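Here's my_file_39.csv, which has CSV, C-alpha atoms:
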```
chain,number,residue,atom,x,y,z
A,1,MET,CA,14.3,2.9,-20.5
A,2,PRO,CA,11.6,4.9,-18.6
A,3,TYR,CA,9.5,2.8,-16.3
A,4,SER,CA,6.3,3.9,-18.0
A,5,PHE,CA,7.4,2.0,-21.2
A,6,ILE,CA,8.4,-1.3,-19.5
A,7,LEU,CA,5.7,-3.8,-20.0
A,8,PRO,CA,4.6,-6.1,-17.2
A,9,SER,CA,4.7,-9.1,-19.5
A,10,ALA,CA,8.5,-8.8,-19.6
A,11,TYR,CA,8.6,-10.0,-16.0
A,12,PRO,CA,7.9,-13.5,-14.8
A,13,ASN,CA,4.6,-14.7,-13.3
A,14,PHE,CA,5.2,-16.8,-10.2
A,15,THR,CA,3.4,-19.8,-11.6
A,16,THR,CA,4.5,-22.3,-9.0
A,17,MET,CA,5.2,-22.2,-5.3
A,18,ASP,CA,8.8,-23.2,-5.9
A,19,LYS,CA,9.3,-20.3,-8.3
A,20,LEU,CA,7.8,-17.8,-5.9
A,21,LEU,CA,10.0,-19.1,-3.0
A,22,THR,CA,13.1,-18.9,-5.2
A,23,ALA,CA,12.2,-15.4,-6.3
A,24,ILE,CA,11.8,-14.2,-2.7
A,25,GLU,CA,15.1,-15.7,-1.7
A,26,GLU,CA,17.0,-14.2,-4.7
A,27,ALA,CA,15.5,-10.7,-4.2
A,28,CYS,CA,16.4,-10.8,-0.5
A,29,PHE,CA,19.9,-12.1,-1.3
A,30,PHE,CA,20.5,-9.2,-3.7
A,31,LEU,CA,19.3,-6.6,-1.2
A,32,LYS,CA,21.4,-8.0,1.6
A,33,GLN,CA,24.4,-7.8,-0.6
A,34,LYS,CA,23.9,-4.1,-0.7
A,35,ASN,CA,24.4,-4.1,3.1
A,36,VAL,CA,21.0,-2.5,3.8
A,37,PRO,CA,20.0,-2.2,7.4
A,38,THR,CA,17.5,-4.9,8.6
A,39,PRO,CA,14.1,-3.1,8.6
A,40,VAL,CA,11.7,-3.3,11.5
A,41,ALA,CA,8.8,-1.7,9.6
A,42,GLY,CA,7.7,-1.5,6.0
A,43,ILE,CA,5.9,1.4,4.5
A,44,VAL,CA,4.0,1.6,1.1
A,45,LEU,CA,3.5,5.1,-0.2
A,46,GLY,CA,0.6,5.5,-2.5
A,47,THR,CA,-0.2,7.9,-5.4
A,48,GLY,CA,1.0,11.4,-4.8
A,49,LEU,CA,2.4,10.5,-1.4
A,50,GLY,CA,6.2,10.8,-0.8
A,51,ALA,CA,7.0,13.4,1.8
A,52,LEU,CA,7.8,10.8,4.4
A,53,VAL,CA,11.1,10.2,2.5
A,54,ASP,CA,12.2,13.6,3.7
A,55,HIS,CA,12.0,12.4,7.3
A,56,ILE,CA,14.2,9.4,6.7
A,57,ASP,CA,17.9,9.1,7.3
A,58,ILE,CA,18.5,7.3,4.0
A,59,ALA,CA,21.1,4.4,3.9
A,60,ALA,CA,20.3,3.1,0.4
A,61,THR,CA,18.0,3.8,-2.5
A,62,ILE,CA,17.5,0.9,-4.9
A,63,PRO,CA,15.4,1.1,-8.1
A,64,TYR,CA,12.9,-1.7,-8.5
A,65,HIS,CA,14.3,-2.6,-11.9
A,66,GLU,CA,17.6,-3.6,-10.3
A,67,ILE,CA,16.1,-6.1,-7.9
A,68,PRO,CA,15.7,-9.7,-9.2
A,69,HIS,CA,12.1,-10.6,-9.9
A,70,PHE,CA,10.8,-7.3,-8.7
A,71,PRO,CA,8.0,-5.8,-10.8
A,72,VAL,CA,8.5,-2.2,-11.9
A,73,SER,CA,6.1,0.7,-11.6
A,74,THR,CA,4.5,1.4,-15.0
A,75,VAL,CA,2.5,4.3,-13.6
A,76,GLU,CA,4.6,7.4,-14.3
A,77,PHE,CA,3.9,9.2,-11.0
A,78,HIS,CA,5.2,6.2,-8.9
A,79,LYS,CA,8.9,6.6,-8.6
A,80,GLY,CA,9.6,2.9,-8.4
A,81,GLN,CA,12.3,2.4,-5.7
A,82,LEU,CA,13.0,0.9,-2.3
A,83,ILE,CA,14.4,3.2,0.3
A,84,PHE,CA,16.2,1.8,3.3
A,85,GLY,CA,17.1,4.0,6.3
A,86,LYS,CA,16.0,5.1,9.7
A,87,LEU,CA,12.9,7.0,10.8
A,88,GLY,CA,14.0,8.3,14.2
A,89,ASN,CA,15.8,5.3,15.6
A,90,THR,CA,13.6,2.8,13.7
A,91,PRO,CA,15.1,0.9,10.7
A,92,VAL,CA,12.5,1.0,7.8
A,93,VAL,CA,12.1,0.0,4.2
A,94,VAL,CA,9.9,2.2,2.1
A,95,MET,CA,8.2,1.4,-1.2
A,96,GLN,CA,8.1,4.7,-3.1
A,97,GLY,CA,5.5,3.5,-5.6
A,98,ARG,CA,3.5,0.3,-5.6
A,99,PHE,CA,2.0,-2.1,-8.2
A,100,HIS,CA,-1.6,-2.5,-9.3
A,101,TYR,CA,-3.6,-5.3,-10.9
A,102,TYR,CA,-4.7,-2.9,-13.7
A,103,GLU,CA,-1.0,-2.6,-14.8
A,104,GLY,CA,-1.2,-6.2,-16.0
A,105,TYR,CA,0.5,-7.9,-13.1
A,106,SER,CA,-0.7,-11.0,-11.4
A,107,MET,CA,-1.9,-10.7,-7.8
A,108,GLN,CA,1.2,-12.6,-6.6
A,109,GLU,CA,3.4,-10.1,-8.4
A,110,VAL,CA,1.5,-7.2,-6.9
A,111,SER,CA,2.0,-8.5,-3.4
A,112,PHE,CA,5.6,-9.8,-4.0
A,113,PRO,CA,7.3,-6.8,-2.3
A,114,VAL,CA,5.4,-7.5,0.9
A,115,ARG,CA,6.8,-11.0,1.0
A,116,VAL,CA,10.3,-9.7,0.3
A,117,MET,CA,10.0,-7.0,3.0
A,118,HIS,CA,8.7,-9.7,5.5
A,119,LYS,CA,11.6,-12.0,4.6
A,120,LEU,CA,14.0,-9.1,5.2
A,121,GLY,CA,12.6,-8.8,8.8
A,122,ILE,CA,9.8,-6.3,9.0
A,123,LYS,CA,7.4,-6.7,11.9
A,124,HIS,CA,4.9,-4.1,11.0
A,125,LEU,CA,3.5,-2.7,7.7
A,126,LEU,CA,1.9,0.7,7.0
A,127,LEU,CA,0.2,1.5,3.8
A,128,SER,CA,-1.3,4.6,2.2
A,129,ASN,CA,-3.4,5.3,-0.9
A,130,ALA,CA,-5.3,7.9,-2.8
A,131,ALA,CA,-9.1,7.1,-2.8
A,132,GLY,CA,-12.4,8.5,-3.9
A,133,GLY,CA,-14.8,9.5,-1.2
A,134,LEU,CA,-18.1,7.6,-1.4
A,135,ASN,CA,-19.2,8.8,2.1
A,136,PRO,CA,-20.8,12.2,1.7
A,137,TRP,CA,-19.2,13.4,4.9
A,138,TYR,CA,-15.7,12.9,3.4
A,139,LYS,CA,-14.1,15.9,1.7
A,140,LYS,CA,-11.1,16.3,-0.5
A,141,GLY,CA,-7.9,16.1,1.5
A,142,ASP,CA,-9.4,14.1,4.4
A,143,LEU,CA,-7.3,11.4,5.9
A,144,ILE,CA,-9.2,8.2,6.7
A,145,ILE,CA,-8.0,5.3,8.7
A,146,ILE,CA,-9.1,2.1,7.0
A,147,ASP,CA,-11.0,0.0,9.5
A,148,ASP,CA,-12.1,-2.7,7.1
A,149,HIS,CA,-12.3,-3.4,3.4
A,150,ILE,CA,-14.4,-5.0,0.6
A,151,ASN,CA,-12.4,-6.9,-2.0
A,152,MET,CA,-13.9,-6.6,-5.5
A,153,LEU,CA,-10.7,-7.4,-7.4
A,154,PRO,CA,-11.1,-10.4,-9.7
A,155,ASP,CA,-8.2,-12.5,-8.3
A,156,ASN,CA,-6.5,-13.2,-5.0
A,157,PRO,CA,-2.8,-13.2,-4.1
A,158,LEU,CA,-3.2,-16.4,-2.1
A,159,ARG,CA,-4.7,-18.4,-5.0
A,160,GLY,CA,-2.6,-21.6,-5.5
A,161,LEU,CA,-0.4,-21.1,-2.5
A,162,ASN,CA,-1.3,-24.2,-0.5
A,163,ASN,CA,2.1,-24.9,0.9
A,164,PRO,CA,2.3,-24.4,4.7
A,165,VAL,CA,5.6,-22.6,4.2
A,166,PHE,CA,3.6,-19.6,3.1
A,167,GLY,CA,1.2,-19.7,6.0
A,168,ASN,CA,-2.4,-20.8,6.6
A,169,ARG,CA,-4.2,-21.1,3.3
A,170,PHE,CA,-7.6,-20.1,4.8
A,171,VAL,CA,-6.5,-16.7,6.2
A,172,ASP,CA,-8.8,-15.2,8.8
A,173,MET,CA,-9.9,-11.7,7.8
A,174,SER,CA,-12.1,-10.8,10.8
A,175,CYS,CA,-9.7,-8.0,11.7
A,176,PRO,CA,-7.3,-7.4,8.8
A,177,TYR,CA,-6.2,-4.0,10.1
A,178,ASP,CA,-4.2,-4.3,13.4
A,179,LYS,CA,-6.0,-2.7,16.4
A,180,ASN,CA,-2.7,-1.6,18.0
A,181,LEU,CA,-1.5,0.1,14.9
A,182,ASN,CA,-4.9,1.7,14.3
A,183,SER,CA,-4.8,3.0,17.9
A,184,LEU,CA,-1.4,4.6,17.3
A,185,LEU,CA,-2.7,6.1,14.1
A,186,LYS,CA,-5.6,7.6,16.1
A,187,LYS,CA,-3.2,9.0,18.6
A,188,GLY,CA,-1.1,10.5,15.8
A,189,PHE,CA,-4.2,12.2,14.4
A,190,GLU,CA,-5.1,13.6,17.8
A,191,LEU,CA,-1.6,15.0,18.3
A,192,SER,CA,-1.9,16.6,14.9
A,193,SER,CA,-5.2,18.1,15.9
A,194,ILE,CA,-7.1,16.3,13.2
A,195,HIS,CA,-10.5,14.7,13.8
A,196,VAL,CA,-10.2,11.0,13.5
A,197,LYS,CA,-12.2,9.4,10.8
A,198,GLU,CA,-12.4,5.6,10.0
A,199,GLY,CA,-14.0,3.9,7.1
A,200,VAL,CA,-14.4,0.9,4.8
A,201,TYR,CA,-12.3,0.8,1.7
A,202,VAL,CA,-13.5,-1.0,-1.4
A,203,ALA,CA,-10.9,-2.2,-4.0
A,204,VAL,CA,-11.9,-2.3,-7.6
A,205,ILE,CA,-9.9,-3.2,-10.7
A,206,GLY,CA,-9.5,0.1,-12.5
A,207,PRO,CA,-7.8,1.9,-14.1
A,208,ASN,CA,-10.9,3.8,-15.2
A,209,LEU,CA,-12.9,5.7,-12.5
A,210,GLU,CA,-16.4,4.7,-11.8
A,211,THR,CA,-19.8,5.7,-13.3
A,212,ARG,CA,-22.5,7.5,-11.3
A,213,ALA,CA,-24.4,4.2,-11.1
A,214,GLU,CA,-21.3,2.3,-9.9
A,215,TYR,CA,-20.7,4.9,-7.2
A,216,ARG,CA,-24.3,4.5,-6.0
A,217,TRP,CA,-23.9,0.7,-6.0
A,218,LEU,CA,-20.5,0.8,-4.2
A,219,ARG,CA,-21.8,3.1,-1.5
A,220,GLY,CA,-24.7,0.7,-1.1
A,221,THR,CA,-22.3,-2.2,-0.3
A,222,GLY,CA,-21.2,-0.3,2.8
A,223,ALA,CA,-18.0,1.2,1.4
A,224,ASP,CA,-16.9,4.7,2.4
A,225,MET,CA,-14.1,5.1,-0.1
A,226,VAL,CA,-13.0,3.4,-3.3
A,227,GLY,CA,-9.5,2.7,-4.8
A,228,MET,CA,-7.5,0.3,-6.9
A,229,SER,CA,-4.8,-0.9,-4.4
A,230,THR,CA,-4.0,-1.9,-0.8
A,231,VAL,CA,-6.2,-4.9,-0.4
A,232,PRO,CA,-3.8,-7.4,-2.1
A,233,GLU,CA,-1.0,-6.3,0.2
A,234,VAL,CA,-3.2,-6.5,3.3
A,235,ILE,CA,-4.4,-10.0,2.4
A,236,THR,CA,-0.8,-11.0,1.9
A,237,ALA,CA,0.2,-9.5,5.2
A,238,GLY,CA,-2.6,-11.5,6.9
A,239,HIS,CA,-1.2,-14.6,5.2
A,240,LEU,CA,2.2,-13.8,6.7
A,241,GLY,CA,0.9,-12.9,10.2
A,242,LEU,CA,2.2,-9.4,9.6
A,243,PRO,CA,0.3,-6.6,11.5
A,244,CYS,CA,-0.7,-3.8,9.2
A,245,ALA,CA,-2.6,-0.6,9.0
A,246,ALA,CA,-3.6,1.7,6.2
A,247,VAL,CA,-4.7,5.3,5.6
A,248,SER,CA,-6.5,6.7,2.6
A,249,VAL,CA,-6.3,10.3,1.4
A,250,ILE,CA,-9.6,11.4,-0.2
A,251,THR,CA,-8.6,12.9,-3.5
A,252,ASP,CA,-12.0,13.3,-5.1
A,253,GLU,CA,-15.6,13.3,-3.9
A,254,CYS,CA,-17.8,10.6,-5.6
A,255,ASP,CA,-21.2,12.2,-5.2
A,256,PRO,CA,-23.2,10.6,-8.1
A,257,ASP,CA,-25.7,13.5,-8.1
A,258,HIS,CA,-23.1,16.2,-8.4
A,259,LEU,CA,-20.3,14.3,-10.2
A,260,GLU,CA,-17.6,16.3,-11.9
A,261,PRO,CA,-14.9,15.0,-14.3
A,262,VAL,CA,-11.6,14.1,-12.5
A,263,ASN,CA,-8.1,14.1,-13.9
A,264,ILE,CA,-5.0,12.6,-12.4
A,265,ALA,CA,-3.3,15.9,-12.0
A,266,ASP,CA,-6.0,17.0,-9.6
A,267,ILE,CA,-5.7,13.8,-7.7
A,268,ILE,CA,-1.9,14.2,-7.3
A,269,ALA,CA,-2.3,17.8,-6.2
A,270,VAL,CA,-4.9,16.9,-3.5
A,271,ALA,CA,-2.8,14.0,-2.2
A,272,GLY,CA,0.3,16.3,-2.1
A,273,LYS,CA,-1.5,18.8,0.2
A,274,ALA,CA,-2.3,16.0,2.7
A,275,ASP,CA,1.1,14.3,2.3
A,276,LYS,CA,3.0,16.3,4.9
A,277,THR,CA,0.4,15.6,7.6
A,278,LEU,CA,0.2,11.9,6.8
A,279,SER,CA,4.0,11.7,6.9
A,280,THR,CA,4.1,13.2,10.4
A,281,ILE,CA,1.4,10.7,11.6
A,282,PHE,CA,3.3,7.8,10.1
A,283,GLU,CA,6.5,9.0,11.7
A,284,TYR,CA,4.8,9.1,15.1
A,285,VAL,CA,3.5,5.5,14.7
A,286,ILE,CA,6.9,4.1,13.6
A,287,THR,CA,8.8,5.8,16.4
A,288,SER,CA,6.2,4.7,18.9
A,289,LEU,CA,6.7,1.1,17.8
A,290,GLN,CA,10.4,1.3,18.4
A,291,GLU,CA,9.9,2.8,21.9
A,292,LYS,CA,7.7,-0.2,22.8
```

So, in terms of structure tokens, how does the structure I just supplied come out?
Amino acid sequence: MPYSFILPSAYPNFTTMDKLLTAIEEACFFLKQKNVPTPVAGIVLGTGLGALVDHIDIAATIPYHEIPHFPVSTVEFHKGQLIFGKLGNTPVVVMQGRFHYYEGYSMQEVSFPVRVMHKLGIKHLLLSNAAGGLNPWYKKGDLIIIDDHINMLPDNPLRGLNNPVFGNRFVDMSCPYDKNLNSLLKKGFELSSIHVKEGVYVAVIGPNLETRAEYRWLRGTGADMVGMSTVPEVITAGHLGLPCAAVSVITDECDPDHLEPVNIADIIAVAGKADKTLSTIFEYVITSLQEK
């Protein structure tokens, strides 16, 4: 059955801590039975972003629907598979397609893969996404390092998880994006002869895009770009003590005074043009981590 026709409601909500712990263990047990290499780094590829896979010496490709308790990508342009292999000499696991709250999943389901990757052994997490540019200086195709975020999603992946086995319940978010990883990203941009830009990402529920009034309001909150993902994974990484960093590809310009209709095909096309450069930068960061 195609992923786009699989309903999230067919998959279990992790309604108790015990159920979540069991689900993580069972997913990891399944993956280890596939003799996948123990990953050092995890990578989440966002909408229209997949060229990094071409740089990987692939050891195994496992569709999400085969993994116990894993959600599936209901968005047709997210391939929905875990890829294990090596990027240079660094063992990695790559999510080719992520999950979103707007698909109908709970926040714990959205962030479940991060917990599985951490349990498998990753020490660093890189994320990417397609975002709308609120900052008037951002243009289509720009790559922006996320320096901070504003969470406007209506739920939190940590809600209810008050067992110390998961980590500190009151996670500090004073620096959610790791300074060392961001420094490596900046160096990667410089080596690629790209001007480094950093910004604040605001996460909204979606799946609709925003109105002109909403764009004005979101810009007024201090946000530079807007999207529908990433923040739940980053909060979960903070809960796990897992250093992470993220990059947004600006796929549309959200100027409320000159707003034009946007369709998903345009977003995919713009992301695809930036994909090769972002993949090169991610490869630099991952290989630099291994060298250290």

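Across the model, the gap from CA of Asn162 in chain A to CA of Met95 in chain A is 27.3 Å.
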
- Could you check which of A:Leu218, A:Phe166, A:Phe30, A:Gly206 is closest to Arg115 in chain A, using only C-alpha atoms? A:Phe166

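Compared by their closest atoms to Ile194 in chain A, and using only C-alpha atoms, the residues A:Asp178, A:Asp142, A:Asp255, A:Asp18 rank with A:Asp142 nearest.
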
- Query: Counting all atoms listed in the file, what is within 8 Å of Pro63 in chain A, bar same-chain residues fewer than 5 positions away, as a PyMOL selection string?
  - Reply: chain A and resi 80-82

Atoms to include: C-alpha atoms. Write the selected residues as a PDB file, in the coordinates of the input.
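selection_22.pdb, freshly written:
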```
ATOM      1  CA  GLY A  80       9.600   2.900  -8.400  1.00  0.00           C
ATOM      2  CA  GLN A  81      12.300   2.400  -5.700  1.00  0.00           C
ATOM      3  CA  LEU A  82      13.000   0.900  -2.300  1.00  0.00           C
TER       4      LEU A  82
END
```

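The space separating CA of Leu52 in chain A from CA of Thr251 in chain A comes to 18.3 Å.
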
- Query: How far is it from CA of His195 in chain A to CA of Leu143 in chain A, in Å with one decimal?
  - Reply: 9.1 Å

- Select, counting all atoms listed in the file, all protein, DNA and RNA residues no farther than 7 Å from (-19.3, 7.2, 0.6) in file coordinates, and express the selection as number ranges by chain. A: 133-136, 219, 223-225

Can you list, as a PDB file with C-alpha atoms, in the coordinates of the input, every protein, DNA or RNA residue that comes within 12 Å of Thr280 in chain A when you count all atoms listed in the file, leaving out same-chain residues fewer than 6 positions away?
```
ATOM      1  CA  GLY A  50       6.200  10.800  -0.800  1.00  0.00           C
ATOM      2  CA  ALA A  51       7.000  13.400   1.800  1.00  0.00           C
ATOM      3  CA  LEU A  52       7.800  10.800   4.400  1.00  0.00           C
ATOM      4  CA  VAL A  53      11.100  10.200   2.500  1.00  0.00           C
ATOM      5  CA  ASP A  54      12.200  13.600   3.700  1.00  0.00           C
ATOM      6  CA  HIS A  55      12.000  12.400   7.300  1.00  0.00           C
ATOM      7  CA  ILE A  56      14.200   9.400   6.700  1.00  0.00           C
ATOM      8  CA  LEU A  87      12.900   7.000  10.800  1.00  0.00           C
ATOM      9  CA  GLY A  88      14.000   8.300  14.200  1.00  0.00           C
ATOM     10  CA  LEU A 185      -2.700   6.100  14.100  1.00  0.00           C
ATOM     11  CA  LYS A 187      -3.200   9.000  18.600  1.00  0.00           C
ATOM     12  CA  GLY A 188      -1.100  10.500  15.800  1.00  0.00           C
ATOM     13  CA  PHE A 189      -4.200  12.200  14.400  1.00  0.00           C
ATOM     14  CA  GLU A 190      -5.100  13.600  17.800  1.00  0.00           C
ATOM     15  CA  LEU A 191      -1.600  15.000  18.300  1.00  0.00           C
ATOM     16  CA  SER A 192      -1.900  16.600  14.900  1.00  0.00           C
ATOM     17  CA  SER A 193      -5.200  18.100  15.900  1.00  0.00           C
ATOM     18  CA  ILE A 194      -7.100  16.300  13.200  1.00  0.00           C
ATOM     19  CA  ALA A 274      -2.300  16.000   2.700  1.00  0.00           C
ATOM     20  CA  ILE A 286       6.900   4.100  13.600  1.00  0.00           C
ATOM     21  CA  THR A 287       8.800   5.800  16.400  1.00  0.00           C
TER      22      THR A 287
END
```

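Of the residues listed (A:Gln108, A:Ser183, A:Gln96, A:Thr277), A:Gln108 shows the shortest atom-to-atom separation from Leu161 in chain A; distances use all atoms listed in the file.
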
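With distances taken over all atoms listed in the file, A:Glu233 is the one residue among A:Glu214, A:Glu198, A:Glu233, A:Asp275 lying closest to Pro176 in chain A.
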
- Selection near Ala246 in chain A, 8 Å with all atoms listed in the file, sequence-local residues under 4 positions removed, as a PyMOL selection string: chain A and resi 126-129+145-146+177+230
